[in-house]
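> Provided herewith: input-v2.txt, compact mmCIF, C-alpha atoms.
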# COMPACT_ATOMS: atom_id res chain seq x y z
CA MET A 403 -87.04 49.09 -28.22
CA ASP A 404 -85.83 45.55 -28.42
CA ASN A 405 -84.37 46.20 -31.87
CA GLN A 406 -82.46 49.21 -30.56
CA SER A 407 -81.13 47.20 -27.68
CA ASN A 408 -80.09 44.39 -30.03
CA MET A 409 -78.33 46.83 -32.34
CA GLU A 410 -76.47 48.32 -29.38
CA GLN A 411 -75.30 44.86 -28.42
CA VAL A 412 -74.19 44.18 -32.01
CA PHE A 413 -72.27 47.48 -32.10
CA GLN A 414 -70.70 46.62 -28.76
CA LYS A 415 -69.61 43.21 -30.10
CA LEU A 416 -68.31 44.88 -33.25
CA GLY A 417 -66.36 47.28 -31.04
CA ASP A 418 -64.92 44.32 -29.13
CA LEU A 419 -64.07 42.62 -32.40
CA LYS A 420 -62.37 45.77 -33.64
CA GLN A 421 -60.35 45.96 -30.44
CA PHE A 422 -59.42 42.31 -30.92
CA PHE A 423 -58.23 43.04 -34.45
CA VAL A 424 -56.29 46.07 -33.22
CA PHE A 425 -54.74 43.89 -30.52
CA GLY A 426 -54.12 41.19 -33.16
CA GLN A 427 -52.32 43.70 -35.33
CA LYS A 428 -50.09 44.51 -32.42
CA ILE A 429 -49.55 40.91 -31.34
CA VAL A 430 -48.89 39.39 -34.75
CA PRO A 431 -45.41 40.95 -35.09
CA VAL A 432 -44.59 39.66 -31.60
CA PHE A 433 -45.65 36.16 -32.66
CA GLN A 434 -43.62 36.60 -35.82
CA LYS A 435 -40.62 37.54 -33.73
CA ILE A 436 -41.15 34.48 -31.53
CA ILE A 437 -41.37 32.25 -34.60
CA ASP A 438 -38.21 33.86 -36.02
CA PHE A 439 -36.48 33.42 -32.67
CA MET A 440 -37.50 29.74 -32.56
CA HIS A 441 -36.30 29.39 -36.12
CA ASP A 442 -32.91 30.74 -35.07
CA ILE A 443 -32.68 28.99 -31.71
CA VAL A 444 -33.49 25.43 -32.84
CA PRO A 445 -30.24 24.98 -34.82
CA LEU A 446 -28.41 26.63 -31.93
CA LEU A 447 -29.93 24.15 -29.48
CA GLU A 448 -29.05 21.37 -31.88
CA ASN A 449 -25.47 22.69 -31.88
CA VAL A 450 -25.43 22.78 -28.09
CA ASN A 451 -26.79 19.24 -28.04
CA ASN A 452 -24.11 18.07 -30.48
CA SER A 453 -21.40 19.89 -28.53
CA ILE A 454 -22.50 18.22 -25.30
CA HIS A 455 -22.57 14.90 -27.10
CA ASP A 456 -19.12 15.52 -28.54
CA SER A 457 -17.64 16.69 -25.21
CA THR A 458 -19.19 13.79 -23.36
CA SER A 459 -17.77 11.29 -25.80
CA LYS A 460 -14.30 12.81 -25.33
CA ILE A 461 -14.37 12.60 -21.52
CA PRO A 462 -13.46 8.88 -21.29
CA LYS A 463 -10.40 9.62 -23.42
CA ALA A 464 -9.39 12.48 -21.12
CA ALA A 465 -9.90 10.24 -18.09
CA SER A 466 -7.89 7.49 -19.75
CA GLN A 467 -5.06 9.93 -20.56
CA ILE A 468 -4.93 11.01 -16.93
CA ASN A 469 -4.69 7.34 -15.93
CA ASN A 470 -1.89 6.91 -18.46
CA VAL A 471 -0.01 9.82 -16.88
CA THR A 472 -0.37 8.22 -13.45
CA ASN A 473 0.80 4.85 -14.76
CA ALA A 474 3.74 6.40 -16.61
CA THR A 475 4.90 8.31 -13.53
CA GLU A 476 4.56 5.14 -11.45
CA VAL A 477 6.74 3.21 -13.91
CA ALA A 478 9.29 6.06 -14.06
CA THR A 479 9.34 6.30 -10.26
CA SER A 480 9.88 2.58 -10.02
CA GLU A 481 12.82 2.86 -12.45
CA ILE A 482 14.34 5.68 -10.39
CA LEU A 483 13.90 3.59 -7.24
CA ASP A 484 15.68 0.70 -9.00
CA ILE A 485 18.61 3.01 -9.74
CA VAL A 486 18.63 4.37 -6.17
CA ASP A 487 18.58 0.77 -4.85
CA SER A 488 21.45 -0.15 -7.13
CA MET A 489 23.39 2.95 -6.02
CA SER A 490 22.73 2.09 -2.37
CA MET A 491 24.10 -1.42 -2.88
CA ASP A 492 27.19 0.00 -4.64
CA MET A 493 27.65 2.48 -1.82
CA ALA A 494 27.42 -0.28 0.75
CA ARG A 495 30.07 -2.23 -1.17
CA ILE A 496 32.35 0.82 -1.40
CA LYS A 497 31.87 1.48 2.33
CA ASN A 498 32.94 -2.08 3.10
CA GLU A 499 36.00 -1.70 0.85
CA LEU A 500 36.92 1.56 2.55
CA MET A 501 36.50 -0.06 5.93
CA ASP A 502 38.90 -2.82 4.82
CA LEU A 503 41.38 -0.17 3.65
CA ARG A 504 41.17 1.66 6.98
CA ASN A 505 41.73 -1.61 8.83
CA GLY A 506 44.66 -2.33 6.48
CA PHE A 507 46.23 1.06 7.23
CA PHE A 508 45.75 0.50 10.93
CA ASN A 509 47.44 -2.92 10.72
CA GLN A 510 50.31 -1.45 8.68
CA ARG A 511 50.82 1.28 11.25
CA VAL A 512 50.83 -1.26 14.08
CA ALA A 513 53.28 -3.48 12.16
CA LEU A 514 55.56 -0.50 11.49
CA GLU A 515 55.54 0.55 15.12
CA ARG A 516 56.39 -3.00 16.19
CA PHE A 517 59.15 -3.07 13.63
CA SER A 518 60.61 0.22 14.92
CA GLU A 519 60.41 -1.11 18.50
CA GLU A 520 62.30 -4.26 17.57
CA PHE A 521 64.91 -2.48 15.50
CA LYS A 522 65.88 0.49 17.64
CA PRO A 523 68.87 1.40 15.47
CA LEU A 524 66.37 2.27 12.74
CA ASN A 525 65.15 5.16 14.90
CA GLY A 526 65.41 8.34 12.96
CA THR A 527 65.01 6.67 9.59
CA TYR A 528 61.72 5.18 10.78
CA GLU A 529 59.83 8.47 10.47
CA ASN A 530 61.19 8.95 6.94
CA PHE A 531 60.25 5.43 6.03
CA LYS A 532 56.73 5.86 7.46
CA SER A 533 56.35 9.17 5.67
CA SER A 534 57.41 7.64 2.35
CA LEU A 535 54.62 5.06 2.70
CA SER A 536 52.13 8.00 2.97
CA ILE A 537 49.90 6.03 5.31
CA ASP A 538 48.55 9.14 7.04
CA GLU A 539 47.75 10.83 3.74
CA LEU A 540 46.09 7.73 2.29
CA GLU A 541 44.10 7.25 5.48
CA SER A 542 42.87 10.86 5.39
CA ARG A 543 41.79 10.31 1.77
CA VAL A 544 39.81 7.27 2.87
CA VAL A 545 38.14 9.35 5.59
CA SER A 546 37.31 12.01 3.01
CA LEU A 547 35.86 9.37 0.65
CA ASP A 548 33.80 8.05 3.54
CA SER A 549 32.23 11.46 4.11
CA ILE A 550 31.48 11.81 0.37
CA ILE A 551 29.75 8.42 0.44
CA ARG A 552 27.70 9.47 3.45
CA LYS A 553 26.64 12.57 1.50
CA ILE A 554 25.64 10.42 -1.52
CA GLU A 555 23.66 8.14 0.82
CA ASN A 556 21.93 11.20 2.25
CA ASP A 557 21.19 12.48 -1.27
CA SER A 558 19.72 9.14 -2.36
CA SER A 559 17.58 9.11 0.80
CA ASN A 560 16.33 12.60 -0.17
CA ILE A 561 15.54 11.31 -3.69
CA THR A 562 13.45 8.54 -2.13
CA ILE A 563 11.59 11.07 0.02
CA SER A 564 10.97 13.29 -3.03
CA LEU A 565 9.61 10.31 -4.98
CA GLN A 566 6.67 10.22 -2.58
CA VAL A 567 5.41 13.08 -4.74
CA GLN A 568 4.32 10.38 -7.23
CA ASP A 569 1.77 8.95 -4.80
CA ILE A 570 0.60 12.44 -3.84
CA THR A 571 0.14 13.61 -7.45
CA ALA A 572 -1.52 10.28 -8.33
CA GLN A 573 -4.13 11.05 -5.64
CA GLN A 574 -4.59 14.58 -6.98
CA LEU A 575 -5.04 13.21 -10.53
CA ALA A 576 -7.48 10.57 -9.27
CA SER A 577 -9.45 13.39 -7.66
CA VAL A 578 -9.55 15.28 -11.00
CA ASN A 579 -10.55 12.08 -12.79
CA HIS A 580 -13.34 11.50 -10.31
CA LEU A 581 -14.59 15.03 -10.96
CA ILE A 582 -14.44 14.47 -14.73
CA GLN A 583 -16.43 11.26 -14.35
CA SER A 584 -19.07 13.11 -12.33
CA VAL A 585 -19.35 15.74 -15.09
CA GLN A 586 -19.65 12.97 -17.67
CA LYS A 587 -22.48 11.35 -15.76
CA ARG A 588 -24.35 14.66 -15.56
CA LEU A 589 -23.83 15.35 -19.27
CA ALA A 590 -24.90 11.82 -20.17
CA SER A 591 -28.06 12.31 -18.14
CA LEU A 592 -28.67 15.64 -19.90
CA LEU A 593 -28.19 13.99 -23.30
CA PHE A 594 -30.62 11.30 -22.32
CA ASP A 595 -33.18 13.99 -21.48
CA LEU A 596 -32.49 15.69 -24.81
CA GLY A 597 -33.28 12.46 -26.60
CA LYS A 598 -29.81 11.18 -27.47
CA GLN A 599 -29.01 7.64 -26.42
CA THR A 600 -26.31 7.35 -23.74
CA ASP A 601 -24.79 4.18 -25.17
CA ALA A 602 -22.97 6.32 -27.72
CA VAL A 603 -21.60 8.74 -25.16
CA LEU A 604 -20.19 6.36 -22.60
CA PRO A 605 -17.47 4.48 -24.47
CA GLY A 606 -14.70 3.16 -22.28
CA LEU A 607 -16.30 4.02 -18.95
CA THR A 608 -17.19 0.74 -17.33
CA SER A 609 -18.06 0.31 -13.70
CA SER A 610 -14.57 -1.13 -13.10
CA GLU A 611 -13.03 2.11 -14.40
CA GLU A 612 -15.07 4.26 -12.09
CA ILE A 613 -12.84 5.71 -9.42
CA ASP A 614 -13.61 4.77 -5.84
CA ALA A 615 -13.82 8.13 -4.04
CA ARG A 616 -12.29 6.52 -0.94
CA SER A 617 -9.09 5.61 -2.81
CA PHE A 618 -7.76 9.16 -2.94
CA ASN A 619 -7.45 12.24 -0.78
CA GLU A 620 -8.58 15.31 -2.68
CA HIS A 621 -6.58 17.50 -0.27
CA ALA A 622 -3.32 15.58 -0.82
CA GLU A 623 -0.39 17.98 -1.06
CA TYR A 624 3.37 17.71 -1.31
CA ASP A 625 4.45 19.71 1.70
CA ARG A 626 7.86 19.22 3.28
CA THR A 627 7.54 21.98 5.86
CA GLY A 628 6.43 19.40 8.44
CA LYS A 629 3.47 21.51 9.62
CA HIS A 630 1.03 18.59 9.29
CA GLN A 631 3.36 16.24 11.16
CA ALA A 632 3.75 18.88 13.88
CA LEU A 633 -0.05 18.98 14.24
CA VAL A 634 -0.12 15.16 14.43
CA ASP A 635 2.54 15.15 17.15
CA THR A 636 0.69 17.80 19.15
CA LEU A 637 -2.61 15.94 18.92
CA ILE A 638 -0.99 12.62 19.80
CA ASN A 639 0.85 14.15 22.76
CA ASN A 640 -2.40 15.70 23.95
CA SER A 641 -4.26 12.44 23.43
CA GLN A 642 -1.71 10.59 25.54
CA LYS A 643 -2.38 13.03 28.36
CA THR A 644 -6.13 12.70 28.01
CA SER A 645 -8.54 9.81 28.11
CA GLN A 646 -10.13 8.11 25.12
CA GLU A 647 -13.42 9.65 26.19
CA GLU A 648 -11.91 13.11 25.80
CA ILE A 649 -10.55 12.24 22.35
CA ASP A 650 -14.05 11.13 21.37
CA LYS A 651 -15.39 14.45 22.67
CA LEU A 652 -12.79 16.39 20.64
CA PHE A 653 -13.75 14.42 17.57
CA THR A 654 -17.45 15.01 17.94
CA LYS A 655 -16.99 18.81 18.26
CA MET B 1218 11.10 -12.06 18.65
CA GLY B 1219 11.98 -9.62 15.84
CA LEU B 1220 9.52 -7.36 14.15
CA LYS B 1221 7.69 -8.47 11.02
CA PHE B 1222 5.87 -5.60 9.34
CA LEU B 1223 2.80 -5.64 7.12
CA VAL B 1224 3.07 -2.67 4.74
CA VAL B 1225 -0.37 -1.79 3.34
CA ASP B 1226 -0.67 0.74 0.50
CA ASP B 1227 -2.39 0.68 -2.90
CA SER B 1228 0.57 2.55 -4.42
CA VAL B 1229 3.41 0.26 -5.48
CA THR B 1230 5.76 3.24 -5.22
CA MET B 1231 4.79 3.92 -1.61
CA ARG B 1232 5.08 0.26 -0.60
CA ARG B 1233 8.58 0.27 -2.00
CA ILE B 1234 9.50 3.54 -0.32
CA VAL B 1235 8.20 2.33 3.05
CA ALA B 1236 10.04 -0.98 2.59
CA ASN B 1237 13.29 0.82 1.65
CA SER B 1238 12.91 3.15 4.61
CA LEU B 1239 12.39 0.16 6.93
CA LYS B 1240 15.56 -1.44 5.55
CA SER B 1241 17.51 1.79 6.01
CA ILE B 1242 16.58 1.92 9.71
CA GLY B 1243 17.47 -1.71 10.29
CA TYR B 1244 14.25 -3.68 9.72
CA ASP B 1245 14.26 -6.16 6.86
CA SER B 1246 11.33 -8.44 7.63
CA PHE B 1247 8.09 -7.35 6.01
CA VAL B 1248 5.23 -8.41 3.76
CA GLU B 1249 3.06 -6.20 1.57
CA ALA B 1250 -0.64 -5.78 0.80
CA GLY B 1251 -2.34 -3.57 -1.84
CA ASP B 1252 -5.47 -2.76 0.17
CA GLY B 1253 -7.26 -3.40 3.44
CA ARG B 1254 -8.94 -6.61 2.27
CA GLU B 1255 -5.64 -8.19 1.26
CA ALA B 1256 -4.12 -6.99 4.55
CA ILE B 1257 -6.81 -8.73 6.61
CA SER B 1258 -6.26 -11.90 4.61
CA LYS B 1259 -2.46 -11.72 5.23
CA LEU B 1260 -2.98 -11.07 8.94
CA ASP B 1261 -5.28 -14.10 9.12
CA SER B 1262 -2.83 -16.37 7.33
CA ASP B 1263 0.50 -15.13 8.74
CA GLY B 1264 0.61 -15.17 12.53
CA SER B 1265 4.18 -13.88 12.60
CA ILE B 1266 3.17 -10.34 11.52
CA ASN B 1267 3.44 -8.15 14.59
CA PHE B 1268 3.38 -4.58 13.26
CA VAL B 1269 1.10 -2.91 10.68
CA ILE B 1270 2.00 0.19 8.66
CA THR B 1271 -1.00 1.28 6.63
CA ASP B 1272 -2.10 3.99 4.23
CA TRP B 1273 -5.59 5.49 4.68
CA ASN B 1274 -6.97 6.06 1.15
CA MET B 1275 -7.30 2.71 -0.60
CA PRO B 1276 -9.99 1.03 -2.69
CA GLU B 1277 -12.12 -1.87 -1.39
CA VAL B 1278 -11.25 -1.62 2.32
CA THR B 1279 -9.65 1.66 3.44
CA GLY B 1280 -6.88 1.97 6.01
CA LEU B 1281 -9.32 3.32 8.60
CA GLU B 1282 -11.66 0.37 8.03
CA LEU B 1283 -8.65 -1.93 8.35
CA VAL B 1284 -7.73 -0.34 11.71
CA LYS B 1285 -11.32 -0.82 12.95
CA ALA B 1286 -11.36 -4.43 11.69
CA ILE B 1287 -8.08 -5.20 13.49
CA ARG B 1288 -9.20 -3.55 16.73
CA SER B 1289 -12.42 -5.55 16.73
CA HIS B 1290 -10.61 -8.83 15.94
CA ASN B 1291 -10.32 -11.09 18.96
CA LYS B 1292 -6.82 -12.39 18.15
CA ILE B 1293 -4.90 -9.46 16.69
CA ASN B 1294 -6.60 -6.49 18.33
CA ASN B 1295 -3.42 -5.46 20.17
CA ILE B 1296 -1.13 -5.35 17.13
CA PRO B 1297 0.63 -1.96 16.81
CA ILE B 1298 -0.65 0.14 13.90
CA LEU B 1299 1.14 3.08 12.33
CA MET B 1300 -0.84 5.06 9.77
CA VAL B 1301 1.14 6.72 6.94
CA THR B 1302 -1.12 8.95 4.87
CA THR B 1303 -1.50 12.20 2.94
CA ARG B 1304 -4.38 13.20 5.23
CA GLY B 1305 -3.13 15.95 7.50
CA LEU B 1306 -6.33 17.66 8.60
CA LYS B 1307 -7.10 17.79 12.31
CA GLU B 1308 -10.39 15.91 11.93
CA ASP B 1309 -8.60 13.12 10.02
CA ILE B 1310 -5.96 12.74 12.72
CA LEU B 1311 -8.60 12.70 15.45
CA GLU B 1312 -10.66 10.15 13.53
CA ALA B 1313 -7.61 7.88 13.26
CA LEU B 1314 -6.86 8.30 16.96
CA GLN B 1315 -10.45 7.50 17.77
CA ALA B 1316 -10.11 4.31 15.72
CA LYS B 1317 -7.07 3.56 17.92
CA VAL B 1318 -4.07 3.84 15.63
CA ASN B 1319 -0.89 3.87 17.72
CA ASN B 1320 0.76 6.64 15.77
CA TYR B 1321 0.38 8.67 12.60
CA ILE B 1322 2.71 9.98 9.87
CA VAL B 1323 1.81 12.51 7.18
CA LYS B 1324 3.41 11.94 3.76
CA PRO B 1325 5.99 12.83 2.61
CA PHE B 1326 8.02 11.35 5.47
CA THR B 1327 11.69 10.65 6.15
CA PRO B 1328 13.16 7.34 7.38
CA GLN B 1329 14.12 9.20 10.58
CA VAL B 1330 10.46 10.08 11.28
CA LEU B 1331 9.48 6.47 10.55
CA LYS B 1332 12.10 5.23 13.03
CA GLU B 1333 11.02 7.77 15.64
CA LYS B 1334 7.37 6.69 15.41
CA ILE B 1335 8.17 2.95 15.46
CA ASP B 1336 10.39 3.50 18.51
CA GLN B 1337 7.64 5.49 20.24
CA ILE B 1338 5.10 2.73 19.56
CA LEU B 1339 7.45 -0.01 20.74
CA ALA B 1340 8.19 1.94 23.92
CA SER B 1341 4.50 2.34 24.68
CA VAL B 1342 3.17 -1.19 24.00
Could you take the file, read its structure, and then write that structure out as structure tokens?


Amino acid sequence: MDNQSNMEQVFQKLGDLKQFFVFGQKIVPVFQKIIDFMHDIVPLLENVNNSIHDSTSKIPKAASQINNVTNATEVATSEILDIVDSMSMDMARIKNELMDLRNGFFNQRVALERFSEEFKPLNGTYENFKSSLSIDELESRVVSLDSIIRKIENDSSNITISLQVQDITAQQLASVNHLIQSVQKRLASLLFDLGKQTDAVLPGLTSSEEIDARSFNEHAEYDRTGKHQALVDTLINNSQKTSQEEIDKLFTK
Amino acid sequence: MGLKFLVVDDSVTMRRIVANSLKSIGYDSFVEAGDGREAISKLDSDGSINFVITDWNMPEVTGLELVKAIRSHNKINNIPILMVTTRGLKEDILEALQAKVNNYIVKPFTPQVLKEKIDQILASV
């Protein structure tokens, strides 16, 4: 009886073993596929790793190029401002000269009128004489020149206003640079986790080159519609009508 | 006594534009600082400065921190401050008002707006 029971157990174990082999036959190709997949994926991961390494090492150069753009536009803006300053000084000089001319015409007219008063017999020829001197015409030309100069002054003032775009774009570029530096830090951290040393991927980025996030406004925009200034004026007018406590309340909302 | 301005901005271009604008509206006495820290140092050393025009976004010490430092200073806490900045959001303006700036200009600005704001400040202090 015991022998029969033992044999049954053996057959049961053999059955289990057979099932295991059947399962093994099914699972082996899956394992093979996993091994093949790993075989394929490892070089791919290595490629990804190298790409991250490569991209990370290029980031300082990109950041530096953005800084170069900012510096170049600042130098160019400064040169334009030099020219505008020089033009303004020339305009001021021309305005003074024109003022002298207008005063000169005025004095000539006064002198002529005195002369005609003193020499009454000249009456009649006086108007011809005055007309031949073309004082009125010359004076109107001076007035016309004066208005052209005022227009040039207005234009140079507009150039100066437009040059504020340099500061605004510099802040936008600083914002982009800050973002790039954040990406670089993340990638460097990833590379460190992947086993690459970060000293090779952080060339040129020293703590002094890191952009202080408080030094730029990421929402800076060149907008000449005056909508922001209108909002400022409204808020300031309201604040003048209300107490400091109410301003604090507005702010905390 | 005439006005002597302290123009505070980390952008050389903007300092120049503000200075030119001041000249164009009849003010030619001013000194410059590149950030809030330098501004505080100039205010400490030059007692003749009686008007501050400051940017907000600057490294080291920002314009807002400068305003707070001036307002908590026992000698210069009443000096008029005009903020000239790119920050035009409502919460920014309210934050500056809370810090007690006298007036506020959003860049880009014209010399006429600068004059208008200086006149308003002078009329109110």

> Once you count only C-alpha atoms, what closest atom pair and distance in Å to one decimal does each residue of chain B within 7 Å of chain A have, with rows by chain and rising residue number, as a tab-separated table?


residue	atom	partner	partner_atom	distance
B:Ser1228	CA	A:Asp569	CA	6.5
B:Thr1230	CA	A:Ser480	CA	6.4
B:Met1231	CA	A:Gln566	CA	6.6
B:Ile1234	CA	A:Thr562	CA	6.6
B:Asn1274	CA	A:Ser617	CA	4.5
B:Met1275	CA	A:Ser617	CA	4.1
B:Pro1276	CA	A:Ser617	CA	4.7
B:Thr1303	CA	A:Ala622	CA	5.4
B:Arg1304	CA	A:Ala622	CA	6.6
B:Gly1305	CA	A:His630	CA	5.2
B:Glu1308	CA	A:Phe653	CA	6.7
B:Ile1310	CA	A:Val634	CA	6.5
B:Leu1311	CA	A:Phe653	CA	5.8
B:Glu1312	CA	A:Phe653	CA	6.6
B:Gln1315	CA	A:Asp650	CA	6.3
B:Tyr1321	CA	A:Val634	CA	6.8
B:Ile1322	CA	A:Gln631	CA	6.4
B:Val1323	CA	A:Gln631	CA	5.7
B:Pro1325	CA	A:Gln566	CA	5.8
B:Phe1326	CA	A:Ile563	CA	6.5
B:Thr1327	CA	A:Ile563	CA	6.1

> Could you jot down the atom CA of A:Glu519 to atom CA of A:Asn505 separation for me, Å, one decimal place?

21.0 Å

> When you draw a straight line from atom CA of A:Ser533 to atom CA of A:Arg552, how long is it in Å?

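It comes out at 28.7 Å.
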
> Compare B:Leu1314, B:Val1225, B:Ile1296, B:Ala1340 by their minimum atom-to-atom distance to B:Ile1266, counting all atoms listed in the file, and give me the closest one.

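Counting all atoms listed in the file, the residue closest to B:Ile1266 is B:Ile1296.
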
> Tell me, as JSON, numbers by chain, which residues lie within 12 Å of A:Gln510, counting all atoms listed in the file; anything in the same chain fewer than 2 positions away does not count.

{"A": [503, 504, 505, 506, 507, 508, 512, 513, 514, 515, 516, 517, 532, 535, 536, 537, 538, 540, 541]}
